[in-house]
Amino acid sequence: MLNRVVLVGRLTKDPDLRYTPNGVAVANFTIAVNRPFSNQQGNREADFINCVVWRKPAENLANYMKKGSMIGVDGRIQTRTFEGQDGKTVFVTEVVADSVQFLESKGSSSQGNQNSSGFQQNRNQNQFQNQNQSQQNQNQTQEDPFKNNGEPIDISDDDLPF
C-alpha cells in the first residue's frame with residue numbers, strides 16, 4: 001500500500017500556527033495548485049488543497065512563508081472525522097506534510113506573482129531549472145572528463161562503488 005503526495009503551489013493565506021496543550025506546534029494551510037490544462041474558456045483552474053504540518057517545520061513555515069509564497073509539500077493524504085457544533089459528523093480530508101520546501105526566498109513573492117494563469121509559477125520553475133543547469137554546466141567545465149585522452153587511468157578495485 002502506498003499513500004504519497006507531492007504538491008507544488010502557492011499559499012492561499014498566511015499559515016495558521018497553533019500549539020497543542022502539550023506544546024506541540026501545528027500549522028494548517030491551504031495551497032493553490034494549478035491544473036496542467038485550461039478549461040473551455042482558456043483559463044487555468046486551480047485546486048485548493050488543505051494541508052497540516054507538525055513541530056519545527058510548522059514553526060518554520062509560519063515564520064518564513066506568507067500568502068502567495070510558493071512551496072513544495074511532501075506527505076500523505078489523511079481523513080478524519082469529528083462532531084461539529086451542530087452535532088453532525090464532519091469529514092475532513094487533508095495532506096499531512098512530512099516536509100515543506102520553500103521554493104522562493106522570504107518576501108520575494110509579491111501580489112503580481114499571484115495570477116491564476118500559472119505563468120509566474122512556470123517562469124519561476126524555469127528559472128530554478130536554468131540555475132541548476134548552469135551550475136551543472138559550470139561543474140562540468142571545471143573538470144574535463146576527457147583530459148586523459150581516453151588512456152587508461154590508475155584506479156584500484158577498492159575505489160569502485162560496486
# chains A, B, ... in the order shown; residues from 1 in each chain; ligands from 1
>>> residues_around(residues="Val53 in chain A", least_positions_apart="2", cutoff="6 Å", atoms="only C-alpha atoms", output="ChimeraX atom specification")
/A:26-27,58,96-97
>>> select_by_dssp(residues="range 58-115 of chain A", states="alpha helix (DSSP H)", output="compact mmCIF listing (two decimals) with N, CA and C atoms, in the first residue's frame")
# COMPACT_ATOMS: atom_id res chain seq x y z
N ALA A 58 6.39 23.21 11.14
CA ALA A 58 5.21 24.08 11.25
C ALA A 58 5.63 25.49 11.64
N GLU A 59 6.53 25.59 12.61
CA GLU A 59 7.01 26.91 13.04
C GLU A 59 7.79 27.60 11.92
N ASN A 60 8.62 26.84 11.23
CA ASN A 60 9.39 27.42 10.12
C ASN A 60 8.47 27.94 9.03
N LEU A 61 7.46 27.17 8.68
CA LEU A 61 6.52 27.60 7.65
C LEU A 61 5.84 28.91 8.05
N ALA A 62 5.35 28.96 9.29
CA ALA A 62 4.64 30.16 9.75
C ALA A 62 5.57 31.37 9.84
N ASN A 63 6.83 31.14 10.18
CA ASN A 63 7.77 32.25 10.36
C ASN A 63 8.34 32.79 9.06
N TYR A 64 8.45 31.93 8.03
CA TYR A 64 9.16 32.35 6.83
C TYR A 64 8.30 32.45 5.57
>>> atom_distance(atom1="CA of Glu45 in chain A", atom2="CA of Gly9 in chain A")
12.5 Å
>>> residues_around(residues="Val100 in chain A", least_positions_apart="5", cutoff="8 Å", atoms="only C-alpha atoms", output="number ranges by chain")
A: 57, 61, 71-74
>>> write_last_selection(atoms="N, CA and C atoms", output="PDB file, in the first residue's frame")
ATOM      1  N   PRO A  57       8.898  22.045  11.542  1.00  0.00           N
ATOM      2  CA  PRO A  57       8.531  22.503  10.194  1.00  0.00           C
ATOM      3  C   PRO A  57       7.304  23.420  10.195  1.00  0.00           C
ATOM      4  N   LEU A  61       7.457  27.173   8.677  1.00  0.00           N
ATOM      5  CA  LEU A  61       6.518  27.596   7.651  1.00  0.00           C
ATOM      6  C   LEU A  61       5.841  28.907   8.054  1.00  0.00           C
ATOM      7  N   ILE A  71       5.527  26.978  -2.334  1.00  0.00           N
ATOM      8  CA  ILE A  71       6.104  25.927  -1.508  1.00  0.00           C
ATOM      9  C   ILE A  71       5.895  24.570  -2.167  1.00  0.00           C
ATOM     10  N   GLY A  72       6.698  23.620  -1.741  1.00  0.00           N
ATOM     11  CA  GLY A  72       6.532  22.227  -2.126  1.00  0.00           C
ATOM     12  C   GLY A  72       6.164  21.431  -0.886  1.00  0.00           C
ATOM     13  N   VAL A  73       5.223  20.531  -1.029  1.00  0.00           N
ATOM     14  CA  VAL A  73       4.762  19.725   0.096  1.00  0.00           C
ATOM     15  C   VAL A  73       4.937  18.256  -0.258  1.00  0.00           C
ATOM     16  N   ASP A  74       5.530  17.511   0.663  1.00  0.00           N
ATOM     17  CA  ASP A  74       5.689  16.067   0.511  1.00  0.00           C
ATOM     18  C   ASP A  74       5.019  15.431   1.720  1.00  0.00           C
TER      19      ASP A  74
END
>>> atom_distance(atom1="CA of Thr93 in chain A", atom2="CA of Gln40 in chain A")
28.5 Å
>>> residues_around(residues="Ala25 in chain A", least_positions_apart="3", cutoff="7 Å", atoms="only C-alpha atoms", output="PyMOL selection string")
chain A and resi 17-20+54-56+58-59
>>> write_last_selection(atoms="C-alpha atoms", output="short mmCIF file (atom, residue, chain, number, x, y, z; two decimals), in the first residue's frame")
data_model
loop_
_atom_site.label_atom_id
_atom_site.label_comp_id
_atom_site.auth_asym_id
_atom_site.auth_seq_id
_atom_site.Cartn_x
_atom_site.Cartn_y
_atom_site.Cartn_z
CA LEU A 17 0.17 28.27 13.60
CA ARG A 18 -1.19 26.86 16.85
CA TYR A 19 0.08 24.74 19.72
CA THR A 20 -1.46 21.65 21.29
CA TRP A 54 3.64 19.50 12.75
CA ARG A 55 6.50 20.51 15.08
CA LYS A 56 9.52 22.54 13.89
CA ALA A 58 5.21 24.08 11.25
CA GLU A 59 7.01 26.91 13.04
#
>>> closest_residue(among="A:Ser69, A:Gln78, A:Asn34, A:Asn39", to="Thr12 in chain A", atoms="only C-alpha atoms")
A:Ser69
>>> closest_residue(among="A:Glu94, A:Asp16, A:Asp47, A:Glu104", to="Thr81 in chain A", atoms="only C-alpha atoms")
A:Glu94
>>> residues_around(residues="Phe82 in chain A", least_positions_apart="4", cutoff="9 Å", atoms="only C-alpha atoms", output="short mmCIF file (atom, residue, chain, number, x, y, z; two decimals) with N, CA and C atoms, in the first residue's frame")
data_model
loop_
_atom_site.label_atom_id
_atom_site.label_comp_id
_atom_site.auth_asym_id
_atom_site.auth_seq_id
_atom_site.Cartn_x
_atom_site.Cartn_y
_atom_site.Cartn_z
N LYS A 88 -23.52 17.20 14.00
CA LYS A 88 -23.33 16.36 12.82
C LYS A 88 -21.86 15.98 12.67
N THR A 89 -21.64 14.81 12.09
CA THR A 89 -20.28 14.34 11.85
C THR A 89 -19.68 15.11 10.68
N VAL A 90 -18.47 15.63 10.88
CA VAL A 90 -17.76 16.37 9.85
C VAL A 90 -16.59 15.51 9.37
N PHE A 91 -16.49 15.35 8.06
CA PHE A 91 -15.39 14.59 7.46
C PHE A 91 -14.36 15.56 6.90
N VAL A 92 -13.09 15.31 7.19
CA VAL A 92 -12.01 16.18 6.72
C VAL A 92 -10.99 15.32 6.00
#
>>> atom_distance(atom1="CA of Val5 in chain A", atom2="CA of Ser105 in chain A")
23.3 Å
>>> closest_residue(among="A:Val33, A:Leu11, A:Met65, A:Leu2", to="Ile77 in chain A", atoms="only C-alpha atoms")
A:Leu2
>>> closest_residue(among="A:Arg44, A:Phe37, A:Thr79, A:Val6", to="Asp98 in chain A", atoms="only C-alpha atoms")
A:Val6
